[in-house]
file final_27.txt (compact mmCIF, C-alpha atoms and all ligand atoms)
# COMPACT_ATOMS: atom_id res chain seq x y z
CA MET A 1 1.78 233.06 110.02
CA THR A 2 2.06 233.09 113.78
CA MET A 3 4.01 230.24 115.18
CA ASP A 4 4.04 230.10 118.96
CA LYS A 5 7.72 229.35 119.66
CA LYS A 6 7.08 228.69 123.35
CA LYS A 7 4.46 226.08 122.52
CA TYR A 8 6.81 224.60 119.94
CA ASP A 9 9.62 224.25 122.50
CA GLU A 10 7.23 222.68 125.00
CA ALA A 11 5.97 220.19 122.44
CA LEU A 12 9.50 219.26 121.42
CA ALA A 13 10.52 218.73 125.04
CA ASP A 14 7.39 216.69 125.70
CA PHE A 15 8.01 214.38 122.76
CA SER A 16 11.68 213.86 123.69
CA ILE A 17 12.48 210.70 125.64
CA SER A 18 15.76 210.59 127.57
CA ASP A 19 17.84 207.42 127.96
CA GLU A 20 16.90 207.30 131.66
CA GLU A 21 13.20 207.43 130.85
CA LEU A 22 13.75 204.74 128.26
CA GLN A 23 15.36 202.39 130.81
CA GLN A 24 12.43 202.95 133.14
CA ILE A 25 10.00 202.10 130.34
CA ALA A 26 11.88 198.86 129.57
CA ALA A 27 11.72 197.91 133.25
CA ASP A 28 8.01 198.77 133.49
CA PHE A 29 7.33 196.75 130.36
CA GLU A 30 9.14 193.72 131.76
CA ALA A 31 7.14 194.01 134.99
CA GLU A 32 3.86 194.25 133.03
CA MET A 33 4.81 191.12 131.06
CA GLN A 34 5.30 189.22 134.29
CA ALA A 35 2.03 190.51 135.74
CA GLY A 36 0.11 189.69 132.54
CA LEU A 37 1.60 186.20 132.33
CA SER A 38 0.54 185.35 135.84
CA GLY A 39 -2.99 186.60 135.26
CA LYS A 40 -2.65 189.76 137.37
CA ASP A 41 -4.13 193.07 136.36
CA ALA A 42 -1.92 194.35 133.52
CA THR A 43 -2.10 196.39 130.35
CA LEU A 44 -0.42 193.58 128.37
CA ARG A 45 -2.87 190.82 127.46
CA MET A 46 -0.16 188.14 127.01
CA LEU A 47 -2.41 185.96 124.84
CA ARG A 48 -1.42 182.32 124.31
CA SER A 49 -1.20 181.50 120.60
CA TYR A 50 -0.98 177.70 120.90
CA ALA A 51 1.65 177.91 118.16
CA ALA A 52 5.09 176.39 118.54
CA LEU A 53 8.11 177.46 116.51
CA PRO A 54 8.43 175.61 113.18
CA THR A 55 10.92 172.77 112.86
CA GLY A 56 11.77 173.52 109.21
CA LYS A 57 10.16 170.24 108.15
CA GLU A 58 6.81 171.81 107.29
CA ILE A 59 5.86 170.99 103.69
CA GLY A 60 2.69 170.95 101.57
CA ASP A 61 0.10 173.00 99.77
CA PHE A 62 -1.82 175.66 101.75
CA LEU A 63 -3.89 178.80 101.49
CA ALA A 64 -2.98 181.82 103.58
CA LEU A 65 -5.42 184.61 104.39
CA ASP A 66 -3.76 187.78 105.63
CA PHE A 67 -6.39 189.99 107.24
CA GLY A 68 -5.27 192.78 109.53
CA GLY A 69 -5.06 196.12 107.82
CA THR A 70 -7.02 197.89 105.15
CA ASN A 71 -5.59 195.56 102.52
CA VAL A 72 -6.56 191.87 102.56
CA ARG A 73 -4.43 189.28 100.78
CA VAL A 74 -4.93 185.63 99.95
CA LEU A 75 -2.00 183.48 98.86
CA HIS A 76 -1.75 179.94 97.60
CA ILE A 77 1.59 178.72 98.97
CA LEU A 78 3.69 175.60 98.56
CA LEU A 79 5.96 174.91 101.51
CA HIS A 80 9.10 173.03 100.54
CA GLY A 81 10.73 172.84 103.99
CA ASN A 82 13.86 174.44 105.48
CA GLY A 83 12.76 177.98 104.88
CA ARG A 84 11.86 177.40 101.23
CA TYR A 85 8.45 178.13 99.79
CA GLU A 86 6.74 179.19 96.60
CA VAL A 87 3.76 181.46 95.99
CA VAL A 88 1.49 179.88 93.39
CA LYS A 89 -1.07 182.66 93.28
CA LYS A 90 -1.82 185.85 95.12
CA THR A 91 -4.86 188.12 95.22
CA ALA A 92 -5.32 191.30 97.22
CA LYS A 93 -8.08 193.86 97.74
CA PRO A 94 -8.68 196.79 100.07
CA LEU A 95 -11.49 196.47 102.63
CA THR A 96 -12.50 199.98 101.87
CA GLU A 97 -12.73 201.79 98.55
CA PRO A 98 -13.81 205.40 99.18
CA GLY A 99 -17.19 206.08 97.64
CA VAL A 100 -17.64 202.46 96.53
CA TYR A 101 -17.68 200.19 99.58
CA ASP A 102 -16.44 200.11 103.18
CA TYR A 103 -16.36 196.89 105.20
CA ILE A 104 -14.60 198.36 108.23
CA CYS A 105 -17.01 201.13 109.22
CA ALA A 106 -19.65 200.79 111.95
CA GLU A 107 -22.44 200.36 109.38
CA ALA A 108 -20.81 197.27 107.83
CA THR A 109 -21.83 193.81 109.09
CA ALA A 110 -19.79 190.69 109.83
CA GLU A 111 -21.61 188.87 107.07
CA GLU A 112 -20.70 191.51 104.48
CA MET A 113 -17.09 191.57 105.61
CA PHE A 114 -16.62 187.79 105.63
CA ASP A 115 -18.49 187.33 102.32
CA PHE A 116 -15.94 189.72 100.84
CA LEU A 117 -13.09 187.61 102.27
CA ALA A 118 -14.68 184.39 100.96
CA GLU A 119 -14.99 185.93 97.51
CA LEU A 120 -11.28 186.80 97.50
CA ILE A 121 -10.38 183.28 98.63
CA ASP A 122 -12.57 181.85 95.87
CA GLU A 123 -10.82 184.03 93.32
CA THR A 124 -7.44 182.71 94.51
CA ILE A 125 -8.47 179.08 93.96
CA ASP A 126 -10.18 179.92 90.64
CA SER A 127 -13.44 178.58 92.13
CA VAL A 128 -12.07 175.02 92.03
CA ARG A 129 -14.31 172.73 94.11
CA SER A 130 -12.67 169.34 93.51
CA THR A 131 -9.58 169.89 95.71
CA THR A 132 -9.51 170.38 99.46
CA PHE A 133 -7.55 173.43 100.59
CA LEU A 134 -6.37 173.88 104.18
CA LEU A 135 -6.28 177.55 105.11
CA GLY A 136 -4.14 179.36 107.67
CA HIS A 137 -5.53 182.70 108.76
CA THR A 138 -3.44 185.61 109.96
CA PHE A 139 -5.94 187.68 111.87
CA SER A 140 -4.24 190.74 113.29
CA PHE A 141 -6.46 191.77 116.15
CA PRO A 142 -6.51 190.77 119.82
CA SER A 143 -8.13 187.36 120.03
CA MET A 144 -8.62 184.91 122.88
CA GLN A 145 -7.58 181.45 121.72
CA THR A 146 -8.28 178.06 123.24
CA ASP A 147 -6.35 176.23 120.53
CA LEU A 148 -4.83 176.95 117.14
CA TYR A 149 -8.26 177.07 115.45
CA ASN A 150 -10.42 178.79 118.01
CA ALA A 151 -9.79 182.53 118.15
CA ARG A 152 -12.46 184.86 119.45
CA LEU A 153 -12.05 188.57 118.65
CA ILE A 154 -11.79 190.41 121.98
CA THR A 155 -12.04 193.89 120.54
CA TRP A 156 -11.36 195.67 117.27
CA THR A 157 -8.31 197.94 117.08
CA LYS A 158 -6.87 200.27 114.41
CA GLU A 159 -10.24 202.06 114.21
CA PHE A 160 -12.05 199.02 112.70
CA ALA A 161 -15.71 199.13 113.67
CA THR A 162 -17.61 196.42 111.72
CA GLN A 163 -20.62 195.11 113.69
CA GLY A 164 -21.07 191.54 114.83
CA VAL A 165 -17.45 190.38 114.87
CA GLU A 166 -16.33 191.26 118.41
CA GLY A 167 -16.88 188.27 120.67
CA GLN A 168 -17.15 185.84 117.75
CA VAL A 169 -14.91 182.95 116.68
CA VAL A 170 -13.51 184.48 113.49
CA ASN A 171 -12.87 181.21 111.68
CA ASP A 172 -16.52 180.21 112.28
CA LEU A 173 -17.58 183.44 110.55
CA LEU A 174 -15.21 182.60 107.72
CA LYS A 175 -16.44 179.01 107.45
CA GLU A 176 -20.05 180.20 107.25
CA ALA A 177 -19.16 182.69 104.50
CA LEU A 178 -17.29 180.00 102.55
CA ALA A 179 -20.32 177.73 102.88
CA ARG A 180 -22.63 180.51 101.60
CA ARG A 181 -20.39 180.70 98.52
CA GLY A 182 -20.41 176.93 98.08
CA ALA A 183 -16.64 176.76 98.76
CA ARG A 184 -16.82 174.14 101.54
CA ASN A 185 -13.63 172.58 100.17
CA VAL A 186 -11.67 175.48 101.75
CA ILE A 187 -11.14 174.51 105.37
CA PRO A 188 -9.81 177.09 107.84
CA VAL A 189 -7.59 175.15 110.26
CA ALA A 190 -5.50 177.73 112.12
CA VAL A 191 -5.60 181.37 113.23
CA ILE A 192 -2.57 183.37 114.29
CA ASN A 193 -1.81 187.00 114.98
CA ASP A 194 0.43 188.80 112.44
CA THR A 195 3.23 189.12 115.00
CA VAL A 196 3.10 185.35 115.50
CA ALA A 197 3.08 184.84 111.73
CA THR A 198 6.17 187.03 111.43
CA LEU A 199 7.98 185.05 114.10
CA LEU A 200 7.02 181.67 112.60
CA ALA A 201 8.23 182.79 109.17
CA ALA A 202 11.50 184.07 110.66
CA ALA A 203 12.08 180.89 112.65
CA TYR A 204 11.42 178.81 109.52
CA LYS A 205 14.39 180.57 107.90
CA LYS A 206 16.78 181.57 110.69
CA PRO A 207 18.07 180.12 113.95
CA ASN A 208 17.58 181.94 117.25
CA ALA A 209 14.50 183.94 116.27
CA TYR A 210 12.27 184.33 119.33
CA ILE A 211 10.70 187.77 118.90
CA GLY A 212 8.34 188.87 116.11
CA SER A 213 6.99 192.37 115.75
CA ILE A 214 4.69 194.40 113.53
CA TYR A 215 5.42 198.08 113.10
CA ALA A 216 2.82 199.31 110.64
CA THR A 217 -0.77 200.65 110.80
CA GLY A 218 -0.80 198.89 114.18
CA GLN A 219 2.07 197.97 116.46
CA ASN A 220 2.48 194.78 118.45
CA THR A 221 5.07 192.20 119.42
CA CYS A 222 5.08 188.49 120.28
CA TYR A 223 7.81 186.24 121.65
CA PHE A 224 8.48 182.61 122.40
CA GLU A 225 7.77 181.94 126.09
CA GLU A 226 9.39 178.86 127.53
CA PHE A 227 7.74 179.02 130.99
CA ALA A 228 10.97 178.30 132.88
CA ASP A 229 8.91 177.18 135.92
CA GLY A 230 7.21 174.46 133.83
CA SER A 231 3.76 175.84 134.65
CA GLU A 232 2.61 175.73 131.00
CA PRO A 233 3.83 174.24 127.72
CA PRO A 234 6.11 176.59 125.76
CA THR A 235 4.26 178.70 123.20
CA VAL A 236 4.39 181.97 121.35
CA ILE A 237 2.71 184.74 123.31
CA ASN A 238 0.92 187.56 121.52
CA MET A 239 1.48 190.33 124.02
CA GLU A 240 -0.82 192.91 122.40
CA SER A 241 1.90 195.33 123.37
CA GLY A 242 0.06 198.17 121.63
CA GLY A 243 -2.08 198.15 124.78
CA PHE A 244 0.90 198.93 127.06
CA GLY A 245 -0.37 201.67 129.30
CA LYS A 246 2.65 202.91 131.22
CA LEU A 247 4.01 205.48 128.78
CA ARG A 248 3.95 209.20 129.48
CA PRO A 249 1.42 210.75 127.08
CA THR A 250 1.61 214.33 125.85
CA LYS A 251 -1.56 216.43 125.73
CA TYR A 252 -1.75 215.61 122.01
CA ASP A 253 -1.75 211.87 122.73
CA GLU A 254 -4.56 212.47 125.21
CA ARG A 255 -6.64 214.26 122.58
CA ILE A 256 -6.15 211.51 120.03
CA ASP A 257 -7.15 208.90 122.56
CA GLU A 258 -10.27 210.84 123.61
CA THR A 259 -11.52 211.17 120.03
CA SER A 260 -10.64 207.63 118.92
CA GLU A 261 -13.07 204.71 118.39
CA LYS A 262 -11.90 203.16 121.67
CA PRO A 263 -10.77 205.74 124.24
CA GLY A 264 -8.47 204.27 126.89
CA ALA A 265 -7.45 201.30 124.75
CA GLN A 266 -4.22 200.75 122.78
CA ARG A 267 -2.45 203.66 124.44
CA MET A 268 0.99 202.69 123.21
CA GLU A 269 -0.24 201.93 119.71
CA LYS A 270 -1.79 205.40 119.52
CA MET A 271 1.65 206.89 120.27
CA VAL A 272 3.77 204.79 117.93
CA SER A 273 1.93 203.23 114.99
CA GLY A 274 1.44 204.40 111.43
CA ARG A 275 -2.30 204.82 111.93
CA TYR A 276 -1.64 207.65 114.40
CA LEU A 277 1.80 209.24 113.81
CA GLY A 278 0.50 211.76 111.27
CA GLU A 279 -2.42 212.60 113.55
CA ILE A 280 -0.08 213.34 116.45
CA TYR A 281 1.79 215.79 114.25
CA GLY A 282 -1.50 217.35 113.10
CA HIS A 283 -2.57 217.98 116.70
CA ALA A 284 0.78 219.43 117.75
CA LEU A 285 0.99 221.69 114.73
CA ALA A 286 -2.54 223.02 115.23
CA ASP A 287 -1.65 223.93 118.80
CA ILE A 288 1.59 225.63 117.77
CA LEU A 289 -0.24 227.62 115.08
CA GLY A 290 -3.10 228.53 117.41
CA ARG A 291 -5.84 226.59 115.62
CA ASP A 292 -8.80 224.86 117.27
CA LYS A 293 -8.97 221.86 114.99
CA PRO A 294 -6.12 219.40 114.29
CA PHE A 295 -4.68 219.26 110.77
CA SER A 296 -5.06 215.97 108.96
CA PHE A 297 -1.59 214.60 108.32
CA THR A 298 -0.95 210.95 107.49
CA SER A 299 2.20 209.03 108.35
CA ILE A 300 3.08 209.21 104.65
CA ASP A 301 3.03 213.03 104.88
CA LEU A 302 5.21 212.81 107.95
CA SER A 303 7.72 210.60 106.12
CA ALA A 304 7.83 213.02 103.21
CA ILE A 305 8.37 216.00 105.53
CA VAL A 306 11.38 214.43 107.26
CA ALA A 307 12.77 212.97 104.04
CA ASP A 308 13.07 216.38 102.36
CA ALA A 309 16.82 217.00 102.16
CA TYR A 310 16.68 220.06 99.85
CA LEU A 311 18.27 223.15 101.37
CA ASP A 312 15.10 225.21 100.93
CA ARG A 313 12.89 222.31 102.14
CA HIS A 314 10.45 223.01 99.31
CA GLU A 315 8.93 219.53 99.41
CA ALA A 316 8.13 219.80 103.11
CA ALA A 317 6.89 223.35 102.47
CA ALA A 318 4.45 222.15 99.82
CA ILE A 319 2.92 219.50 102.12
CA LEU A 320 2.72 221.90 105.04
CA GLU A 321 1.11 224.59 102.92
CA LYS A 322 -1.41 222.18 101.47
CA LYS A 323 -2.46 220.91 104.90
CA THR A 324 -2.39 224.17 106.87
CA GLY A 325 -2.92 226.83 104.22
CA GLU A 326 0.17 228.62 105.61
CA LYS A 327 3.49 229.56 104.01
CA PHE A 328 6.59 228.98 106.17
CA ASN A 329 10.06 230.49 105.94
CA ALA A 330 13.25 228.41 105.91
CA LEU A 331 13.80 228.68 109.64
CA GLU A 332 10.24 227.62 110.43
CA LEU A 333 10.45 224.76 107.96
CA ASN A 334 13.52 223.48 109.77
CA LEU A 335 11.72 223.61 113.09
CA LEU A 336 8.66 221.84 111.71
CA GLN A 337 10.78 219.15 110.10
CA ASN A 338 12.54 218.71 113.41
CA LEU A 339 9.22 218.28 115.22
CA ALA A 340 8.22 215.51 112.80
CA GLY A 341 11.58 213.82 113.41
CA VAL A 342 11.16 213.91 117.17
CA ILE A 343 7.68 212.35 116.95
CA ILE A 344 9.09 209.54 114.81
CA ALA A 345 12.12 209.06 117.07
CA ARG A 346 9.86 208.83 120.12
CA SER A 347 7.92 206.06 118.44
CA ALA A 348 11.06 204.06 117.63
CA ARG A 349 12.51 204.59 121.11
CA PHE A 350 9.33 203.32 122.78
CA VAL A 351 9.32 200.21 120.60
CA ALA A 352 13.01 199.61 121.36
CA ALA A 353 12.28 199.81 125.09
CA THR A 354 9.68 197.05 124.74
CA PHE A 355 12.24 194.88 122.89
CA ALA A 356 14.77 195.39 125.68
CA GLY A 357 12.12 194.37 128.21
CA ILE A 358 11.38 191.15 126.31
CA VAL A 359 15.04 190.27 125.77
CA ARG A 360 15.69 190.68 129.50
CA HIS A 361 12.59 188.68 130.43
CA ARG A 362 13.69 185.84 128.14
CA ALA A 363 17.23 185.90 129.56
CA ASN A 364 15.64 185.41 132.99
CA GLY A 365 18.62 186.84 134.87
CA ALA A 366 21.24 184.95 132.83
CA ALA A 367 23.43 186.41 130.08
CA ILE A 368 21.66 187.74 126.98
CA LYS A 369 22.19 185.38 124.03
CA GLU A 370 22.80 186.06 120.35
CA GLN A 371 19.35 186.32 118.68
CA HIS A 372 17.21 187.67 115.87
CA ILE A 373 14.22 189.98 116.15
CA ALA A 374 11.96 189.84 113.09
CA ILE A 375 10.02 192.98 112.21
CA ASP A 376 7.46 193.50 109.49
CA GLY A 377 5.59 196.63 108.56
CA SER A 378 5.67 199.80 106.52
CA VAL A 379 6.70 202.06 109.39
CA TYR A 380 9.83 200.01 110.06
CA GLU A 381 10.50 199.38 106.39
CA LYS A 382 9.77 202.79 104.90
CA MET A 383 9.57 205.59 107.42
CA PRO A 384 12.79 207.59 107.57
CA LEU A 385 14.57 207.67 110.98
CA VAL A 386 12.75 204.65 112.39
CA ALA A 387 15.28 201.85 111.90
CA GLU A 388 18.23 204.01 112.96
CA ASN A 389 16.50 205.30 116.09
CA LEU A 390 15.43 201.79 117.03
CA LYS A 391 19.02 200.61 116.77
CA LYS A 392 20.42 203.63 118.65
CA ALA A 393 17.91 203.19 121.45
CA LEU A 394 18.72 199.48 121.79
CA ASP A 395 22.41 200.40 122.06
CA ALA A 396 21.58 202.85 124.83
CA LEU A 397 19.34 200.34 126.60
CA LEU A 398 21.43 197.18 126.37
CA GLY A 399 25.01 198.49 126.12
CA ASP A 400 27.43 195.81 124.87
CA ASP A 401 24.62 193.23 124.72
CA ALA A 402 22.97 195.20 121.92
CA ALA A 403 25.53 193.70 119.50
CA LYS A 404 23.90 190.30 120.10
CA ILE A 405 20.48 191.50 118.95
CA HIS A 406 20.04 191.32 115.19
CA ILE A 407 16.95 193.08 113.95
CA PHE A 408 15.86 192.10 110.47
CA LEU A 409 13.00 192.80 108.10
CA GLU A 410 10.69 189.80 107.58
CA ASN A 411 8.16 191.08 105.10
CA THR A 412 6.74 187.78 103.89
CA GLY A 413 5.70 186.85 107.39
CA SER A 414 1.96 187.34 107.49
CA ALA A 415 1.29 184.94 104.62
CA LEU A 416 4.13 182.48 105.10
CA GLY A 417 3.40 182.27 108.83
CA ALA A 418 -0.27 181.47 108.15
CA ALA A 419 0.72 178.65 105.79
CA LEU A 420 3.14 177.32 108.42
CA ALA A 421 0.44 177.41 111.09
CA ALA A 422 -1.89 175.49 108.76
CA ALA A 423 0.87 172.93 108.14
CA VAL A 424 1.49 172.48 111.85
CA SER A 425 -2.21 172.14 112.52
CA ALA A 426 -2.63 169.57 109.72
CA ALA A 427 0.25 167.48 111.12
CA ARG A 428 -1.28 167.31 114.62
C1 LIG A 501 -3.63 194.61 116.96
C2 LIG A 501 -2.63 193.48 117.00
C3 LIG A 501 -1.81 193.47 115.73
C4 LIG A 501 -1.21 194.83 115.46
C5 LIG A 501 -0.42 194.90 114.17
C6 LIG A 501 -2.95 195.91 116.62
O1 LIG A 501 -3.89 196.93 116.47
O2 LIG A 501 -4.30 194.73 118.18
O3 LIG A 501 -3.28 192.24 117.17
O4 LIG A 501 -0.78 192.52 115.86
O5 LIG A 501 -2.24 195.80 115.40
O6 LIG A 501 -1.20 194.60 113.08
call {"tool": "encode", "arguments": {"input": "final_27.txt", "output": "structure tokens"}}
result
Amino acid sequence: MTMDKKKYDEALADFSISDEELQQIAADFEAEMQAGLSGKDATLRMLRSYAALPTGKEIGDFLALDFGGTNVRVLHILLHGNGRYEVVKKTAKPLTEPGVYDYICAEATAEEMFDFLAELIDETIDSVRSTTFLLGHTFSFPSMQTDLYNARLITWTKEFATQGVEGQVVNDLLKEALARRGARNVIPVAVINDTVATLLAAAYKKPNAYIGSIYATGQNTCYFEEFADGSEPPTVINMESGGFGKLRPTKYDERIDETSEKPGAQRMEKMVSGRYLGEIYGHALADILGRDKPFSFTSIDLSAIVADAYLDRHEAAAILEKKTGEKFNALELNLLQNLAGVIIARSARFVAATFAGIVRHRANGAAIKEQHIAIDGSVYEKMPLVAENLKKALDALLGDDAAKIHIFLENTGSALGAALAAAVSAAR
């Protein structure tokens, strides 16, 4: 095995982000937020959600559709108020089953995809037709909204490619599919992004929650914007922060972007989210080992490589051998584990910088207040090194103020938030 140590050192240096660079990123992010909010050219879309924070008084019986990754879930939820709720029934299915069906590839149509969603909804209500069900929809893609119902998909992300959905009002597509199934008693009333759902769920349960984030297959953050100048009514803003375009890419990030479904788009997401972290490693490793083609690592492989705490690193060795066909000695295994750790740490540090930018924007020059940041997603929840690096980076960025920022895992958000949005919409 020939490992190019010079290339390795270069890659490691390139993936490392100093505290100074981090501060600059936080400042750039804050500036982009401001530009995006005022309609100037910016890489943050700053989409209005038309959702307010819940009051805690939301009660009733709702359906929640959680559609945003490869797994779709439908929940029948009873809201009891003050953060309390009950799941009556839950169904879930993947949008793609290798060799059987695939609703997210470029050959799939909107009709096929939404018929599949309608079928899952119908299964959740046991095909009952005599009751009316109001449905909240967590749709986790950039959408232009004109109110809580009307959300038009701007563009697919996360390598989704289904035809006929971009540019459409997604709840209209859903309504049509429900009608085709004869389930007109299910009425979609609200659409929110998953970040917004996470924030609504957090605010239903905790005081001072103003920032909601997803750190999973995709990565994105929303926050409650109060429009201090009174120019607009306060609302939650879906920033589509995965589109942030002011980060310094390595040559491996450039390659991933070039070969992705949407080159030029979602530049931050392609550097930090679970959909891409394994790929980044695969590109870097191929370069270090002198191969033309990237190796296919997933973020689960990456987690397993860094989690291996055995002295001989035999678990990491097995994954690396399977993917590259190479055997590595103990020293090399250490280096390769280290490389995986640095790629993960970079991701967490970038995300932390965006949080610091939002916290400062919200403080608007005044003192930073005690607050909660709600995060949902497998990368935050399960990937080793992520939570600790996020915390460490926030300490470096915010100094003493970091103690006022309480990050917590809100992993019921996507469904609970959708039910809350439906409740709010029904009460209007
Ligand atoms: C989408 C966002 C979403 C995020 C997390 C991104 O690819 O553009 O709308 O919030 O993934 O699911």
call {"tool": "closest_residue", "arguments": {"input": "final_27.txt", "among": "A:Val186, A:Leu311, A:Ala31, A:Val191", "to": "ligand LIG 501 (chain A)", "atoms": "all atoms listed in the file"}}
result
A:Val191
call {"tool": "closest_residue", "arguments": {"input": "final_27.txt", "among": "A:Leu302, A:Ala179, A:Met144, A:Ile256", "to": "Ile192 (chain A)", "atoms": "all atoms listed in the file"}}
result
A:Met144
call {"tool": "residues_around", "arguments": {"input": "final_27.txt", "residues": "Leu22 (chain A)", "least_positions_apart": "3", "cutoff": "9 Å", "atoms": "all atoms listed in the file", "output": "ChimeraX atom specification"}}
result
/A:17-19,25-27,349-350,352-353,393,396-397
call {"tool": "write_last_selection", "arguments": {"input": "final_27.txt", "atoms": "C-alpha atoms", "output": "mmCIF file, in the frame of the given file"}}
result
data_model
loop_
_atom_site.group_PDB
_atom_site.id
_atom_site.type_symbol
_atom_site.label_atom_id
_atom_site.label_comp_id
_atom_site.auth_asym_id
_atom_site.auth_seq_id
_atom_site.Cartn_x
_atom_site.Cartn_y
_atom_site.Cartn_z
ATOM 1 C CA ILE A 17 12.480 210.700 125.640
ATOM 2 C CA SER A 18 15.760 210.590 127.570
ATOM 3 C CA ASP A 19 17.840 207.420 127.960
ATOM 4 C CA ILE A 25 10.000 202.100 130.340
ATOM 5 C CA ALA A 26 11.880 198.860 129.570
ATOM 6 C CA ALA A 27 11.720 197.910 133.250
ATOM 7 C CA ARG A 349 12.510 204.590 121.110
ATOM 8 C CA PHE A 350 9.330 203.320 122.780
ATOM 9 C CA ALA A 352 13.010 199.610 121.360
ATOM 10 C CA ALA A 353 12.280 199.810 125.090
ATOM 11 C CA ALA A 393 17.910 203.190 121.450
ATOM 12 C CA ALA A 396 21.580 202.850 124.830
ATOM 13 C CA LEU A 397 19.340 200.340 126.600
#
call {"tool": "residues_near_point", "arguments": {"input": "final_27.txt", "point": "(2.3, 206.3, 118.4)", "cutoff": "12 Å", "atoms": "all atoms listed in the file", "output": "ChimeraX atom specification"}}
result
/A:15,158,215-220,242-244,247-250,252-254,256-257,266-281,299,342-351,379
call {"tool": "residues_near_ligand", "arguments": {"input": "final_27.txt", "ligand": "ligand LIG 501 (chain A)", "cutoff": "10 Å", "atoms": "only C-alpha atoms and all ligand atoms", "output": "PyMOL selection string"}}
result
chain A and resi 47+67-69+138-143+153-160+192-198+212-222+238-243+265-266+269-270+273+275+376-377+414
call {"tool": "write_last_selection", "arguments": {"input": "final_27.txt", "atoms": "C-alpha atoms", "output": "CSV table (one decimal), keeping the file's coordinate frame"}}
result
chain,number,residue,atom,x,y,z
A,47,LEU,CA,-2.4,186.0,124.8
A,67,PHE,CA,-6.4,190.0,107.2
A,68,GLY,CA,-5.3,192.8,109.5
A,69,GLY,CA,-5.1,196.1,107.8
A,138,THR,CA,-3.4,185.6,110.0
A,139,PHE,CA,-5.9,187.7,111.9
A,140,SER,CA,-4.2,190.7,113.3
A,141,PHE,CA,-6.5,191.8,116.2
A,142,PRO,CA,-6.5,190.8,119.8
A,143,SER,CA,-8.1,187.4,120.0
A,153,LEU,CA,-12.0,188.6,118.6
A,154,ILE,CA,-11.8,190.4,122.0
A,155,THR,CA,-12.0,193.9,120.5
A,156,TRP,CA,-11.4,195.7,117.3
A,157,THR,CA,-8.3,197.9,117.1
A,158,LYS,CA,-6.9,200.3,114.4
A,159,GLU,CA,-10.2,202.1,114.2
A,160,PHE,CA,-12.0,199.0,112.7
A,192,ILE,CA,-2.6,183.4,114.3
A,193,ASN,CA,-1.8,187.0,115.0
A,194,ASP,CA,0.4,188.8,112.4
A,195,THR,CA,3.2,189.1,115.0
A,196,VAL,CA,3.1,185.4,115.5
A,197,ALA,CA,3.1,184.8,111.7
A,198,THR,CA,6.2,187.0,111.4
A,212,GLY,CA,8.3,188.9,116.1
A,213,SER,CA,7.0,192.4,115.8
A,214,ILE,CA,4.7,194.4,113.5
A,215,TYR,CA,5.4,198.1,113.1
A,216,ALA,CA,2.8,199.3,110.6
A,217,THR,CA,-0.8,200.6,110.8
A,218,GLY,CA,-0.8,198.9,114.2
A,219,GLN,CA,2.1,198.0,116.5
A,220,ASN,CA,2.5,194.8,118.4
A,221,THR,CA,5.1,192.2,119.4
A,222,CYS,CA,5.1,188.5,120.3
A,238,ASN,CA,0.9,187.6,121.5
A,239,MET,CA,1.5,190.3,124.0
A,240,GLU,CA,-0.8,192.9,122.4
A,241,SER,CA,1.9,195.3,123.4
A,242,GLY,CA,0.1,198.2,121.6
A,243,GLY,CA,-2.1,198.2,124.8
A,265,ALA,CA,-7.4,201.3,124.8
A,266,GLN,CA,-4.2,200.8,122.8
A,269,GLU,CA,-0.2,201.9,119.7
A,270,LYS,CA,-1.8,205.4,119.5
A,273,SER,CA,1.9,203.2,115.0
A,275,ARG,CA,-2.3,204.8,111.9
A,376,ASP,CA,7.5,193.5,109.5
A,377,GLY,CA,5.6,196.6,108.6
A,414,SER,CA,2.0,187.3,107.5
call {"tool": "residues_around", "arguments": {"input": "final_27.txt", "residues": "Thr109 (chain A)", "least_positions_apart": "5", "cutoff": "12 Å", "atoms": "only C-alpha atoms", "output": "list in words"}}
result
Asp102, Tyr103, Ile104, Phe114, Asp115, Phe116, Phe160, Ala161, Thr162, Gln163, Gly164, Val165, Glu166 and Leu173 of chain A
call {"tool": "atom_distance", "arguments": {"input": "final_27.txt", "atom1": "CA of Asn334 (chain A)", "atom2": "CA of Arg313 (chain A)"}}
result
7.7 Å
call {"tool": "residues_around", "arguments": {"input": "final_27.txt", "residues": "Thr55 (chain A)", "least_positions_apart": "5", "cutoff": "10 Å", "atoms": "all atoms listed in the file", "output": "list in words"}}
result
Gly81, Asn82, Gly83, Leu200, Ala203, Tyr204, Lys205 and Val424 of chain A
call {"tool": "residues_around", "arguments": {"input": "final_27.txt", "residues": "Ile373 (chain A)", "least_positions_apart": "5", "cutoff": "7 Å", "atoms": "only C-alpha atoms", "output": "PyMOL selection string"}}
result
chain A and resi 209-212+406-408
call {"tool": "atom_distance", "arguments": {"input": "final_27.txt", "atom1": "CA of Ala201 (chain A)", "atom2": "CA of Ala183 (chain A)"}}
result
27.6 Å
call {"tool": "atom_distance", "arguments": {"input": "final_27.txt", "atom1": "CA of Pro384 (chain A)", "atom2": "CA of Leu339 (chain A)"}}
result
13.6 Å
call {"tool": "residues_around", "arguments": {"input": "final_27.txt", "residues": "Leu78 (chain A)", "least_positions_apart": "4", "cutoff": "9 Å", "atoms": "all atoms listed in the file", "output": "list in words"}}
result
Ile59, Gly60, Asp61, Phe62, Leu63, Arg84, Tyr85, Glu86, Val87, Val88 and Ala419 of chain A
call {"tool": "residues_near_point", "arguments": {"input": "final_27.txt", "point": "(-0.5, 176.5, 120.6)", "cutoff": "6 Å", "atoms": "all atoms listed in the file", "output": "list in words"}}
result
Ser49, Tyr50, Ala51, Ala52, Asp147, Leu148 and Thr235 of chain A
